[in-house]
Every structure is written in C-alpha cells, then in structure tokens.
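Engineer: Sharing target-v4.pdb below, PDB, C-alpha atoms:
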ATOM      1  CA  MET A  19      14.190  -1.767 -67.712
ATOM      2  CA  LEU A  20      16.104   1.038 -66.071
ATOM      3  CA  VAL A  21      12.894   3.044 -65.907
ATOM      4  CA  ASP A  22      11.101   0.130 -64.237
ATOM      5  CA  ALA A  23      13.841  -0.121 -61.625
ATOM      6  CA  ALA A  24      13.672   3.624 -60.989
ATOM      7  CA  ILE A  25       9.876   3.445 -60.577
ATOM      8  CA  LEU A  26      10.244   0.539 -58.136
ATOM      9  CA  VAL A  27      12.854   2.390 -56.070
ATOM     10  CA  SER A  28      10.667   5.511 -56.069
ATOM     11  CA  GLY A  29       7.721   3.425 -54.928
ATOM     12  CA  PHE A  30       9.672   2.095 -51.967
ATOM     13  CA  VAL A  31      10.869   5.600 -51.110
ATOM     14  CA  MET A  32       7.256   6.814 -51.221
ATOM     15  CA  ILE A  33       6.074   4.001 -48.949
ATOM     16  CA  ALA A  34       8.917   4.659 -46.504
ATOM     17  CA  ALA A  35       8.248   8.401 -46.466
ATOM     18  CA  GLY A  36       4.518   7.812 -46.017
ATOM     19  CA  ILE A  37       5.049   5.491 -43.047
ATOM     20  CA  GLY A  38       7.532   7.977 -41.655
ATOM     21  CA  ALA A  39       4.979  10.780 -42.020
ATOM     22  CA  VAL A  40       2.423   8.788 -40.032
ATOM     23  CA  LEU A  41       4.859   7.742 -37.315
ATOM     24  CA  ALA A  42       6.811  10.986 -36.913
ATOM     25  CA  ARG A  43       6.289  12.637 -33.541
ATOM     26  CA  SER A  44       6.704  16.153 -34.824
ATOM     27  CA  LEU A  45       4.021  17.645 -37.062
ATOM     28  CA  LEU A  46       6.649  19.570 -39.004
ATOM     29  CA  VAL A  47       8.467  16.380 -39.969
ATOM     30  CA  SER A  48       5.145  14.783 -40.975
ATOM     31  CA  ILE A  49       4.298  17.710 -43.239
ATOM     32  CA  LEU A  50       7.715  17.701 -44.879
ATOM     33  CA  LEU A  51       7.637  13.937 -45.393
ATOM     34  CA  SER A  52       4.189  14.055 -46.993
ATOM     35  CA  GLY A  53       5.485  16.782 -49.295
ATOM     36  CA  GLY A  54       8.353  14.434 -50.117
ATOM     37  CA  VAL A  55       5.884  11.675 -51.023
ATOM     38  CA  SER A  56       4.309  14.046 -53.550
ATOM     39  CA  LEU A  57       7.696  15.032 -54.916
ATOM     40  CA  VAL A  58       8.679  11.417 -55.551
ATOM     41  CA  ALA A  59       5.208  10.771 -56.982
ATOM     42  CA  SER A  60       5.784  13.524 -59.514
ATOM     43  CA  LEU A  61       9.072  11.840 -60.457
ATOM     44  CA  VAL A  62       7.180   8.583 -60.973
ATOM     45  CA  PHE A  63       4.634  10.356 -63.194
ATOM     46  CA  LEU A  64       7.493  11.791 -65.227
ATOM     47  CA  LEU A  65       9.086   8.350 -65.601
ATOM     48  CA  MET A  66       5.747   6.969 -66.744
ATOM     49  CA  GLY A  67       5.602   9.582 -69.494
ATOM     50  CA  ALA A  68       2.967  11.932 -68.033
ATOM     51  CA  PRO A  69       4.753  15.291 -67.761
ATOM     52  CA  ASP A  70       1.478  17.240 -67.414
ATOM     53  CA  VAL A  71       0.467  15.285 -64.333
ATOM     54  CA  ALA A  72       4.023  15.418 -63.013
ATOM     55  CA  MET A  73       4.036  19.212 -63.196
ATOM     56  CA  THR A  74       0.712  19.450 -61.403
ATOM     57  CA  GLU A  75       1.827  17.050 -58.701
ATOM     58  CA  ALA A  76       5.140  18.836 -58.167
ATOM     59  CA  ALA A  77       3.594  22.312 -58.060
ATOM     60  CA  ILE A  78       0.408  21.619 -56.106
ATOM     61  CA  GLY A  79       1.078  18.369 -54.265
ATOM     62  CA  SER A  80       4.578  18.982 -53.030
ATOM     63  CA  GLY A  81       4.783  22.775 -53.206
ATOM     64  CA  LEU A  82       1.535  24.506 -52.433
ATOM     65  CA  THR A  83      -0.021  21.845 -50.182
ATOM     66  CA  THR A  84       3.063  21.788 -47.982
ATOM     67  CA  VAL A  85       2.979  25.570 -47.668
ATOM     68  CA  VAL A  86      -0.731  25.548 -46.814
ATOM     69  CA  TYR A  87      -0.141  22.868 -44.163
ATOM     70  CA  LEU A  88       2.739  24.856 -42.686
ATOM     71  CA  TYR A  89       0.624  28.015 -42.558
ATOM     72  CA  ALA A  90      -2.241  26.067 -40.985
ATOM     73  CA  MET A  91       0.097  24.608 -38.377
ATOM     74  CA  ALA A  92       1.403  28.042 -37.457
ATOM     75  CA  ARG A  93      -2.164  29.383 -37.328
ATOM     76  CA  ALA A  94      -3.372  26.518 -35.145
ATOM     77  CA  ARG A  95      -0.546  27.071 -32.693
ATOM     78  CA  GLN A  96      -0.879  30.798 -32.315
ATOM     79  CA  PRO A  97      -3.925  30.940 -30.000
ATOM     80  CA  ASP A  98      -2.143  28.528 -27.643
ATOM     81  CA  GLU A  99       0.594  31.018 -27.070
ATOM     82  CA  GLU A 100      -1.636  34.034 -26.929
ATOM     83  CA  ASP A 101      -4.590  33.192 -24.738
ATOM     84  CA  ALA A 102      -4.029  33.156 -21.044
ATOM     85  CA  ASP A 103      -6.965  31.261 -19.546
ATOM     86  CA  PRO A 104      -6.068  28.298 -17.349
ATOM     87  CA  LEU A 105      -7.978  25.855 -19.531
ATOM     88  CA  GLY A 106      -5.778  26.748 -22.460
ATOM     89  CA  ASP A 107      -2.709  26.280 -20.302
ATOM     90  CA  ALA A 108      -3.964  22.911 -19.112
ATOM     91  CA  VAL A 109      -4.557  21.793 -22.667
ATOM     92  CA  LYS A 110      -1.146  23.021 -23.655
ATOM     93  CA  GLY A 111       0.511  21.318 -20.744
ATOM     94  CA  GLY A 112      -1.270  18.093 -21.464
ATOM     95  CA  ARG A 113      -0.217  18.095 -25.043
ATOM     96  CA  ARG A 114       3.420  18.789 -24.686
TER
ATOM     97  CA  MET B  14      -9.032  -5.771 -27.805
ATOM     98  CA  MET B  15     -12.361  -6.216 -29.545
ATOM     99  CA  ARG B  16     -11.885  -2.909 -31.283
ATOM    100  CA  ARG B  17      -8.442  -3.918 -32.546
ATOM    101  CA  VAL B  18      -9.821  -7.148 -33.980
ATOM    102  CA  LEU B  19     -12.597  -5.216 -35.715
ATOM    103  CA  VAL B  20     -10.148  -2.701 -37.138
ATOM    104  CA  PHE B  21      -7.911  -5.509 -38.352
ATOM    105  CA  LEU B  22     -10.881  -7.252 -39.972
ATOM    106  CA  ALA B  23     -11.946  -4.030 -41.681
ATOM    107  CA  VAL B  24      -8.449  -3.413 -43.041
ATOM    108  CA  ALA B  25      -8.125  -7.027 -44.180
ATOM    109  CA  GLY B  26     -11.511  -6.837 -45.901
ATOM    110  CA  LEU B  27     -10.561  -3.635 -47.671
ATOM    111  CA  ALA B  28      -7.269  -5.177 -48.781
ATOM    112  CA  ALA B  29      -9.049  -8.275 -50.098
ATOM    113  CA  ALA B  30     -11.517  -6.099 -51.984
ATOM    114  CA  LEU B  31      -8.738  -4.057 -53.580
ATOM    115  CA  LEU B  32      -6.431  -7.030 -54.301
ATOM    116  CA  PRO B  33      -7.819  -7.803 -57.798
ATOM    117  CA  LEU B  34      -7.320  -4.157 -58.702
ATOM    118  CA  ALA B  35      -3.679  -4.237 -57.570
ATOM    119  CA  LEU B  36      -2.956  -7.523 -59.338
ATOM    120  CA  GLY B  37      -4.523  -6.349 -62.570
ATOM    121  CA  THR B  38      -2.408  -3.220 -62.926
ATOM    122  CA  GLY B  39       0.263  -2.776 -65.523
ATOM    123  CA  VAL B  40       1.023  -0.720 -68.552
ATOM    124  CA  PRO B  41      -1.343  -1.695 -71.375
ATOM    125  CA  GLU B  42       0.310  -2.486 -74.679
ATOM    126  CA  ALA B  43      -1.962  -0.227 -76.706
ATOM    127  CA  PRO B  44      -4.204   2.661 -75.601
ATOM    128  CA  GLY B  45      -7.901   1.913 -75.358
ATOM    129  CA  ALA B  46     -10.518   2.904 -77.890
ATOM    130  CA  LEU B  47     -11.300   6.298 -76.346
ATOM    131  CA  ALA B  48      -7.630   7.198 -75.890
ATOM    132  CA  THR B  49      -6.891   6.172 -79.471
ATOM    133  CA  ALA B  50      -9.726   8.357 -80.706
ATOM    134  CA  TYR B  51      -8.394  11.338 -78.709
ATOM    135  CA  LEU B  52      -4.823  10.799 -79.934
ATOM    136  CA  GLU B  53      -5.895  10.529 -83.554
ATOM    137  CA  ASP B  54      -8.537  13.246 -83.632
ATOM    138  CA  ALA B  55      -7.107  15.976 -81.398
ATOM    139  CA  PRO B  56      -4.509  17.385 -83.828
ATOM    140  CA  GLY B  57      -7.030  17.409 -86.662
ATOM    141  CA  ASP B  58      -9.986  18.659 -84.630
ATOM    142  CA  PHE B  59      -8.364  21.496 -82.713
ATOM    143  CA  GLY B  60      -4.803  21.808 -84.036
ATOM    144  CA  ALA B  61      -3.397  21.316 -80.546
ATOM    145  CA  ALA B  62       0.090  19.797 -80.378
ATOM    146  CA  ASN B  63      -0.423  18.758 -76.723
ATOM    147  CA  VAL B  64      -3.261  16.235 -76.707
ATOM    148  CA  VAL B  65      -3.623  16.435 -72.918
ATOM    149  CA  THR B  66      -4.510  20.119 -73.172
ATOM    150  CA  ALA B  67      -6.954  19.424 -75.987
ATOM    151  CA  ILE B  68      -8.698  16.903 -73.718
ATOM    152  CA  VAL B  69      -8.662  19.105 -70.612
ATOM    153  CA  VAL B  70      -9.819  22.315 -72.266
ATOM    154  CA  SER B  71     -12.013  21.052 -75.105
ATOM    155  CA  TYR B  72     -13.225  17.468 -74.960
ATOM    156  CA  ARG B  73     -13.635  17.635 -71.185
ATOM    157  CA  GLY B  74     -13.860  21.406 -70.977
ATOM    158  CA  PHE B  75     -17.018  21.333 -68.929
ATOM    159  CA  ASP B  76     -15.253  19.284 -66.226
ATOM    160  CA  THR B  77     -12.502  21.884 -66.141
ATOM    161  CA  LEU B  78     -15.076  24.644 -65.682
ATOM    162  CA  GLY B  79     -16.397  22.623 -62.738
ATOM    163  CA  GLU B  80     -12.899  22.277 -61.283
ATOM    164  CA  VAL B  81     -12.368  26.014 -61.527
ATOM    165  CA  ALA B  82     -15.710  26.550 -59.802
ATOM    166  CA  VAL B  83     -14.686  24.195 -56.974
ATOM    167  CA  LEU B  84     -11.432  26.083 -56.543
ATOM    168  CA  PHE B  85     -13.366  29.356 -56.447
ATOM    169  CA  ALA B  86     -15.663  27.993 -53.737
ATOM    170  CA  ALA B  87     -12.662  26.842 -51.683
ATOM    171  CA  THR B  88     -11.022  30.255 -52.009
ATOM    172  CA  ALA B  89     -14.196  32.046 -51.031
ATOM    173  CA  GLY B  90     -14.548  29.806 -47.983
ATOM    174  CA  VAL B  91     -10.977  30.319 -46.838
ATOM    175  CA  GLY B  92     -11.223  34.054 -47.412
ATOM    176  CA  ALA B  93     -14.472  34.306 -45.478
ATOM    177  CA  PHE B  94     -13.269  32.338 -42.463
ATOM    178  CA  LEU B  95      -9.692  33.491 -42.060
ATOM    179  CA  THR B  96     -10.334  37.112 -41.214
ATOM    180  CA  ARG B  97      -8.814  38.913 -38.268
ATOM    181  CA  LYS B  98     -12.122  39.128 -36.445
ATOM    182  CA  ARG B  99     -12.912  35.441 -36.737
ATOM    183  CA  LEU B 100      -9.386  34.444 -35.741
ATOM    184  CA  GLY B 101      -9.781  36.580 -32.627
ATOM    185  CA  ILE B 102      -6.562  38.453 -33.186
ATOM    186  CA  GLY B 103      -8.079  41.906 -33.199
ATOM    187  CA  ASP B 104      -6.257  45.020 -34.228
ATOM    188  CA  ALA B 105      -3.426  44.733 -31.739
ATOM    189  CA  GLU B 106      -1.150  42.624 -33.867
ATOM    190  CA  PRO B 107       2.009  41.876 -31.912
ATOM    191  CA  ALA B 108       4.849  43.437 -33.850
ATOM    192  CA  ASP B 109       7.342  40.707 -33.092
ATOM    193  CA  LYS B 110       7.256  39.033 -36.484
ATOM    194  CA  PRO B 111      10.847  38.144 -37.237
ATOM    195  CA  ALA B 112      12.278  39.886 -40.257
ATOM    196  CA  ALA B 113      13.173  37.726 -43.234
ATOM    197  CA  THR B 114      16.791  36.802 -43.748
ATOM    198  CA  GLU B 115      19.034  38.596 -46.184
ATOM    199  CA  ILE B 116      19.225  35.481 -48.375
ATOM    200  CA  LEU B 117      15.425  35.246 -48.696
ATOM    201  CA  VAL B 118      15.012  38.943 -49.453
ATOM    202  CA  THR B 119      17.732  38.942 -52.114
ATOM    203  CA  ALA B 120      16.531  35.710 -53.703
ATOM    204  CA  THR B 121      12.965  37.025 -53.763
ATOM    205  CA  GLY B 122      14.059  40.128 -55.612
ATOM    206  CA  LEU B 123      15.855  38.017 -58.192
ATOM    207  CA  LEU B 124      13.290  35.266 -58.559
ATOM    208  CA  THR B 125       9.900  36.996 -58.451
ATOM    209  CA  GLY B 126      10.036  38.330 -61.993
ATOM    210  CA  LEU B 127      11.452  35.090 -63.370
ATOM    211  CA  LEU B 128       8.791  33.011 -61.628
ATOM    212  CA  VAL B 129       5.928  35.157 -62.915
ATOM    213  CA  MET B 130       7.412  34.987 -66.409
ATOM    214  CA  PHE B 131       7.794  31.218 -66.158
ATOM    215  CA  GLY B 132       4.180  30.833 -65.008
ATOM    216  CA  VAL B 133       2.956  32.931 -67.919
ATOM    217  CA  TYR B 134       5.133  30.854 -70.254
ATOM    218  CA  ILE B 135       3.633  27.631 -68.908
ATOM    219  CA  PHE B 136       0.053  28.662 -69.498
ATOM    220  CA  LEU B 137       0.682  30.452 -72.805
ATOM    221  CA  HIS B 138       2.363  27.329 -74.192
ATOM    222  CA  GLY B 139      -0.158  24.934 -72.674
ATOM    223  CA  HIS B 140      -1.375  23.814 -76.088
ATOM    224  CA  LEU B 141       2.186  23.107 -77.281
ATOM    225  CA  THR B 142       4.150  21.717 -74.338
ATOM    226  CA  PRO B 143       3.231  19.981 -71.076
ATOM    227  CA  GLY B 144       1.615  22.245 -68.542
ATOM    228  CA  GLY B 145      -1.207  24.698 -68.653
ATOM    229  CA  GLY B 146      -3.390  27.049 -66.704
ATOM    230  CA  PHE B 147      -3.381  25.230 -63.384
ATOM    231  CA  GLN B 148       0.367  24.640 -63.297
ATOM    232  CA  GLY B 149       1.169  28.161 -64.496
ATOM    233  CA  GLY B 150      -1.228  29.658 -61.966
ATOM    234  CA  VAL B 151       0.446  27.771 -59.131
ATOM    235  CA  VAL B 152       3.871  28.995 -60.263
ATOM    236  CA  ILE B 153       2.599  32.600 -60.226
ATOM    237  CA  ALA B 154       1.156  32.065 -56.751
ATOM    238  CA  THR B 155       4.571  30.761 -55.671
ATOM    239  CA  ALA B 156       6.150  34.037 -56.775
ATOM    240  CA  LEU B 157       3.650  35.978 -54.657
ATOM    241  CA  LEU B 158       4.270  33.600 -51.748
ATOM    242  CA  LEU B 159       7.976  34.401 -51.896
ATOM    243  CA  GLY B 160       7.071  38.086 -51.693
ATOM    244  CA  LEU B 161       4.854  37.458 -48.667
ATOM    245  CA  LEU B 162       7.619  35.505 -46.936
ATOM    246  CA  ALA B 163      10.284  38.098 -47.628
ATOM    247  CA  ARG B 164       8.109  41.007 -46.465
ATOM    248  CA  PRO B 165       5.676  39.683 -43.826
ATOM    249  CA  GLU B 166       4.126  43.099 -43.314
ATOM    250  CA  SER B 167       3.259  43.583 -46.984
ATOM    251  CA  LYS B 168      -0.310  43.230 -48.166
ATOM    252  CA  LEU B 169      -1.636  42.017 -51.488
ATOM    253  CA  SER B 170      -4.097  44.312 -53.180
ATOM    254  CA  HIS B 171      -7.434  42.549 -52.839
ATOM    255  CA  GLY B 172      -9.024  44.821 -55.404
ATOM    256  CA  ILE B 173      -6.606  43.735 -58.126
ATOM    257  CA  LEU B 174      -6.804  40.074 -57.095
ATOM    258  CA  SER B 175     -10.591  39.955 -57.168
ATOM    259  CA  ALA B 176     -10.735  41.970 -60.394
ATOM    260  CA  VAL B 177      -8.343  39.566 -62.160
ATOM    261  CA  GLU B 178     -10.146  36.575 -60.698
ATOM    262  CA  SER B 179     -13.689  37.590 -61.595
ATOM    263  CA  LEU B 180     -12.869  39.084 -64.996
ATOM    264  CA  SER B 181     -10.973  35.995 -66.129
ATOM    265  CA  GLY B 182     -13.695  33.712 -64.783
ATOM    266  CA  ALA B 183     -16.379  35.665 -66.633
ATOM    267  CA  ALA B 184     -14.264  35.703 -69.796
ATOM    268  CA  TYR B 185     -13.825  31.922 -69.513
ATOM    269  CA  VAL B 186     -17.585  31.394 -69.439
ATOM    270  CA  GLY B 187     -17.894  33.977 -72.224
ATOM    271  CA  MET B 188     -15.498  31.990 -74.425
ATOM    272  CA  GLY B 189     -17.561  28.895 -73.671
ATOM    273  CA  LEU B 190     -20.775  30.636 -74.688
ATOM    274  CA  ALA B 191     -19.073  31.952 -77.838
ATOM    275  CA  GLY B 192     -18.274  28.343 -78.676
ATOM    276  CA  ALA B 193     -21.903  27.404 -78.161
ATOM    277  CA  PHE B 194     -23.198  30.153 -80.447
ATOM    278  CA  LEU B 195     -20.452  30.434 -83.080
ATOM    279  CA  ALA B 196     -19.136  26.864 -83.270
ATOM    280  CA  TRP B 197     -20.216  23.340 -82.507
ATOM    281  CA  GLY B 198     -20.898  23.513 -78.767
ATOM    282  CA  PHE B 199     -20.122  24.974 -75.352
ATOM    283  CA  LEU B 200     -16.355  25.594 -74.964
ATOM    284  CA  ASP B 201     -15.659  24.566 -78.564
ATOM    285  CA  PRO B 202     -12.291  26.246 -79.332
ATOM    286  CA  ARG B 203     -13.016  26.563 -83.044
ATOM    287  CA  VAL B 204     -14.405  30.083 -82.659
ATOM    288  CA  LEU B 205     -10.919  31.365 -83.532
ATOM    289  CA  PRO B 206      -8.911  30.143 -86.538
ATOM    290  CA  LEU B 207      -7.026  26.942 -85.746
ATOM    291  CA  GLY B 208      -3.794  28.084 -87.401
ATOM    292  CA  ARG B 209      -0.815  25.874 -88.108
ATOM    293  CA  ILE B 210      -0.277  23.118 -85.567
ATOM    294  CA  GLY B 211       2.727  23.751 -83.344
ATOM    295  CA  SER B 212       2.798  27.533 -83.653
ATOM    296  CA  LEU B 213       2.072  29.794 -80.683
ATOM    297  CA  VAL B 214      -1.097  31.239 -82.224
ATOM    298  CA  SER B 215      -2.908  28.014 -82.994
ATOM    299  CA  ALA B 216      -5.508  25.628 -81.599
ATOM    300  CA  GLY B 217      -8.324  28.156 -81.748
ATOM    301  CA  SER B 218      -9.320  29.559 -78.386
ATOM    302  CA  ILE B 219      -7.480  26.897 -76.334
ATOM    303  CA  PRO B 220      -4.530  29.191 -75.426
ATOM    304  CA  VAL B 221      -6.954  32.019 -74.603
ATOM    305  CA  ILE B 222      -9.014  29.805 -72.318
ATOM    306  CA  TYR B 223      -5.953  28.293 -70.647
ATOM    307  CA  SER B 224      -4.430  31.738 -70.084
ATOM    308  CA  LEU B 225      -7.676  32.864 -68.445
ATOM    309  CA  ILE B 226      -7.623  29.745 -66.255
ATOM    310  CA  GLY B 227      -3.995  30.487 -65.378
ATOM    311  CA  LEU B 228      -4.776  34.044 -64.298
ATOM    312  CA  LYS B 229      -7.803  32.905 -62.329
ATOM    313  CA  VAL B 230      -5.974  30.084 -60.547
ATOM    314  CA  GLY B 231      -3.002  32.329 -59.810
ATOM    315  CA  ALA B 232      -5.211  35.022 -58.301
ATOM    316  CA  GLU B 233      -7.232  32.507 -56.270
ATOM    317  CA  LEU B 234      -4.223  30.698 -54.821
ATOM    318  CA  SER B 235      -2.513  33.988 -54.016
ATOM    319  CA  GLY B 236      -5.702  34.978 -52.206
ATOM    320  CA  ILE B 237      -5.661  31.725 -50.201
ATOM    321  CA  LEU B 238      -2.020  32.242 -49.202
ATOM    322  CA  ASP B 239      -2.706  35.842 -48.260
ATOM    323  CA  ALA B 240      -5.696  34.783 -46.154
ATOM    324  CA  LEU B 241      -3.655  32.079 -44.434
ATOM    325  CA  LYS B 242      -1.121  34.704 -43.455
ATOM    326  CA  GLY B 243      -3.856  35.768 -41.101
ATOM    327  CA  ASP B 244      -3.848  39.560 -41.044
ATOM    328  CA  ARG B 245      -6.743  40.077 -43.409
ATOM    329  CA  GLU B 246      -9.214  42.664 -42.193
TER
END
Before anything else, please render the file you have as structure tokens.

Structural biologist:
Amino acid sequence: MLVDAAILVSGFVMIAAGIGAVLARSLLVSILLSGGVSLVASLVFLLMGAPDVAMTEAAIGSGLTTVVYLYAMARARQPDEEDADPLGDAVKGGRR
Amino acid sequence: MMRRVLVFLAVAGLAAALLPLALGTGVPEAPGALATAYLEDAPGDFGAANVVTAIVVSYRGFDTLGEVAVLFAATAGVGAFLTRKRLGIGDAEPADKPAATEILVTATGLLTGLLVMFGVYIFLHGHLTPGGGFQGGVVIATALLLGLLARPESKLSHGILSAVESLSGAAYVGMGLAGAFLAWGFLDPRVLPLGRIGSLVSAGSIPVIYSLIGLKVGAELSGILDALKGDRE
C-alpha cells in the first residue's frame, strides 16, 4: 500500500519533470530535468523490486546520459563563440 | 490551423491505439510460464544466486553479446568523428580552460580509488547480488570522468583503453566458443565447475564473462567521455 502510494507520487514527479524538461527555455535545465526523470524512474524500479534495472537506470540513464548531453551542449556551443564570420554572428544573434 | 488539427488527430489516434495497453497493465499475481521456468531452473542449471544475471549472461547471452557489439560500434563512431581535425579546432587550443575547484580536486583524489573498487565489486558479484558488467563498467567510467573533470588537461592513455577493450571483447567471444566446444552450447557457463551456490567462485564462467563485460564497457564509456572532451588528436 505504502509502496503503491510511493510509486504513484514518483509517477507524478516524473510526469511533471518531463513536462518541465520540454517547456524549459534553457537547455541546461532541460538536461538536468530529464536526468531527474531517470533518477525517479530508477527509484520506481527499485520499489517494484527490480534492483538490477534500477542500478542500470541510475548509472546510465541519470548519470552518464546527463554527462554526455552536457558535453554535447558545450561542444555544440563552442564553434559559435570561436568562429568570426558574419553568418555565424547572425545565427547567434537570431538565436539569443 | 490544418496542421494543428492533423497533429491533434495523430496524437489522439496514437493514444487510442495505446489505451488498451495502458488499461491492461498491473502487477500479475504469478510469473508467467517462461519466468517460472527461469526462476526454478537457474539455480540448478548454473548455480547463480542472481537469476537476472543467469538470464542476461547465459539464457540470453547471445543478446548480451549483441548489446556489447552495439556499444562498441557507438564508441567507434564517436571516437572517429570527435577528433580535433573534424571539430575544426586545430592545434591552437585556447588555454583558457578554467581550473577545477579545490573541492572537486580533493574529492576526486578521495573518490577515484573507491569508485573503481566499487565498480569492480559490482561486476565481480554480478552472479550473487544485483548489478553486473554494465553497471560496474559505468561506475568505473564515472571514476575516470571525475579525473577528467578535475584535471581538464590530462589525457587518457588510448593504448591501454583499446588494449583492455579489445582483449576483453576477444576473451568474451573466446569464453562463448569454449562453451560451444566444451559444454552444451555457445556461451554456456558450465565450462568451469559450478561450485556452491552463493559463493564468490561459483556459477561456472558467469563471473568471468561479466567481469570481461565490465572491463569492456568501462573502457568503451571512458573512451566516449574522453572523445567528447574534444581534444583527441
């Protein structure tokens, strides 16, 4: 009973974090929120009695994937700051 | 407007198609026939205390070999694309990378050894407790990631990484072939004595295979993180 309630609460937290990740204006917040979805998902797996899956989800889903996204975000931004052609500046200006 | 209506219709159709699936979910009272067979046979067949590991490494071992191959392909792709030349950075790396904070450096020194040990523990005990090669490998990669964050200018030795990766991959396939020739079939763990269930040296070659997977996954993920750092030649 208590476990069911905890799973329900976790489900609502996951839905809220997922919607937040889609709606967030900043990419960084989106990445962190999607990592949070995975973290809560691993809690749900643990509550359901699947510790193997929970460990995988916590390590890969919420840990490594978030790091890879963060690295990719930094990597995608770098050329913006480095190249100096006017097209790049226009794109940058349009985006911000 | 038309597009919005179409999108709405598509979403509504998808929801209607998936509705029976959502309504039919729930925790079944008893495991199905296949799950029952696994639960009953795994301790006797392979002497593995953790049935999940027995399924992943033995009953569905070929799938796991495929997963490892997919991960290898992903690593090779990332490593091939994220080189300095392709990223257009060139040799003139701007030396304005901010130094890591004192807290990160100190914590890295304390945690790296513990994390590597914990990862090794996870994959060595994969046949006894939850966890296994993939989880342990990720934990080891996390330790190396901490090192990369604390010392941005440091470089991982690609020779060691690729040696660990390829040797453990080849040994994995070798253990599978040994199962095919010495035991019942490909990846059969009964090439080594099964031992007493619950002890560290038990379950035949399952701990050996899972340790090899752990080393391979750890080396591959460390390679991905190192490539993403972006200063690979």

Engineer: Show me, as a VMD selection string, the residues of chain A whose atoms get within 8 Å of chain B, using all atoms listed in the file for the distance check.

Structural biologist: chain A and resid 69 to 70 73 to 74 77 to 78 82 86 89 to 90 93

Engineer: Separation of CA of Val47 in chain A and CA of Gly81 in chain A, in Å?

Structural biologist: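 A separation of 15.2 Å between them.
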
Engineer: Compare A:Gly79, A:Val71, A:Leu41, A:Gly36 by their minimum atom-to-atom distance to Leu57 in chain A, counting only C-alpha atoms, and give me the closest one.

Structural biologist: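 Residue with the minimum atom-to-atom distance to Leu57 in chain A: A:Gly79.
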
Engineer: What is the distance, in Å and to one decimal place, between CA of Leu117 in chain B and CA of Pro165 in chain B?

Structural biologist: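 Between these atoms lies a distance of 11.8 Å.
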
Engineer: Rounded to one decimal in Å, what is the spacing between CA of Gly38 in chain A and CA of Ile25 in chain A?

Structural biologist: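 One can read the CA of Gly38 in chain A to CA of Ile25 in chain A distance as 19.6 Å.
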
Engineer: Pick from A:Val55, A:Phe63, A:Thr83, A:Ala68: nearest to Phe30 in chain A, with only C-alpha atoms counted?

Structural biologist: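 Looking only at the distances to Phe30 in chain A, the closest residue turns out to be A:Val55.
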
Engineer: Counting only C-alpha atoms, what is within 7 Å of range 70-80 of chain B, bar same-chain residues fewer than 2 positions away, as number ranges by chain?

Structural biologist: B: 66-68, 82-84, 200-202, 219

Engineer: Can you list, as a list in words, the residues that the PyMOL selection byres ((chain A and resi 33) around 12) selects here?

Structural biologist: Leu26, Val27, Ser28, Gly29, Phe30, Val31, Met32, Ala34, Ala35, Gly36, Ile37, Gly38, Ala39, Val40, Leu51, Ser52, Gly54, Val55, Ser56, Val58 and Ala59 of chain A

Engineer: Generate N, CA and C atoms for range 193-205 of chain B and emit them as a tab-separated table (two decimals), in the coordinates of the input.

Structural biologist:
chain	number	residue	atom	x	y	z
B	193	ALA	N	-20.56	27.96	-77.98
B	193	ALA	CA	-21.90	27.40	-78.16
B	193	ALA	C	-22.64	28.11	-79.30
B	194	PHE	N	-22.42	29.43	-79.44
B	194	PHE	CA	-23.20	30.15	-80.45
B	194	PHE	C	-22.51	30.17	-81.81
B	195	LEU	N	-21.16	30.26	-81.81
B	195	LEU	CA	-20.45	30.43	-83.08
B	195	LEU	C	-19.90	29.13	-83.64
B	196	ALA	N	-19.73	28.11	-82.79
B	196	ALA	CA	-19.14	26.86	-83.27
B	196	ALA	C	-20.04	25.71	-82.87
B	197	TRP	N	-19.42	24.54	-82.66
B	197	TRP	CA	-20.22	23.34	-82.51
B	197	TRP	C	-20.94	23.27	-81.16
B	198	GLY	N	-20.26	23.67	-80.07
B	198	GLY	CA	-20.90	23.51	-78.77
B	198	GLY	C	-20.18	24.33	-77.71
B	199	PHE	N	-20.68	24.22	-76.47
B	199	PHE	CA	-20.12	24.97	-75.35
B	199	PHE	C	-18.64	24.66	-75.21
B	200	LEU	N	-17.81	25.69	-75.12
B	200	LEU	CA	-16.36	25.59	-74.96
B	200	LEU	C	-15.67	25.00	-76.19
B	201	ASP	N	-16.33	24.99	-77.34
B	201	ASP	CA	-15.66	24.57	-78.56
B	201	ASP	C	-14.61	25.62	-78.92
B	202	PRO	N	-13.32	25.22	-79.07
B	202	PRO	CA	-12.29	26.25	-79.33
B	202	PRO	C	-12.28	26.73	-80.77
B	203	ARG	N	-13.13	26.19	-81.64
B	203	ARG	CA	-13.02	26.56	-83.04
B	203	ARG	C	-13.71	27.89	-83.36
B	204	VAL	N	-13.86	28.76	-82.35
B	204	VAL	CA	-14.40	30.08	-82.66
B	204	VAL	C	-13.32	30.96	-83.26
B	205	LEU	N	-12.05	30.65	-82.95
B	205	LEU	CA	-10.92	31.36	-83.53
B	205	LEU	C	-10.27	30.44	-84.56
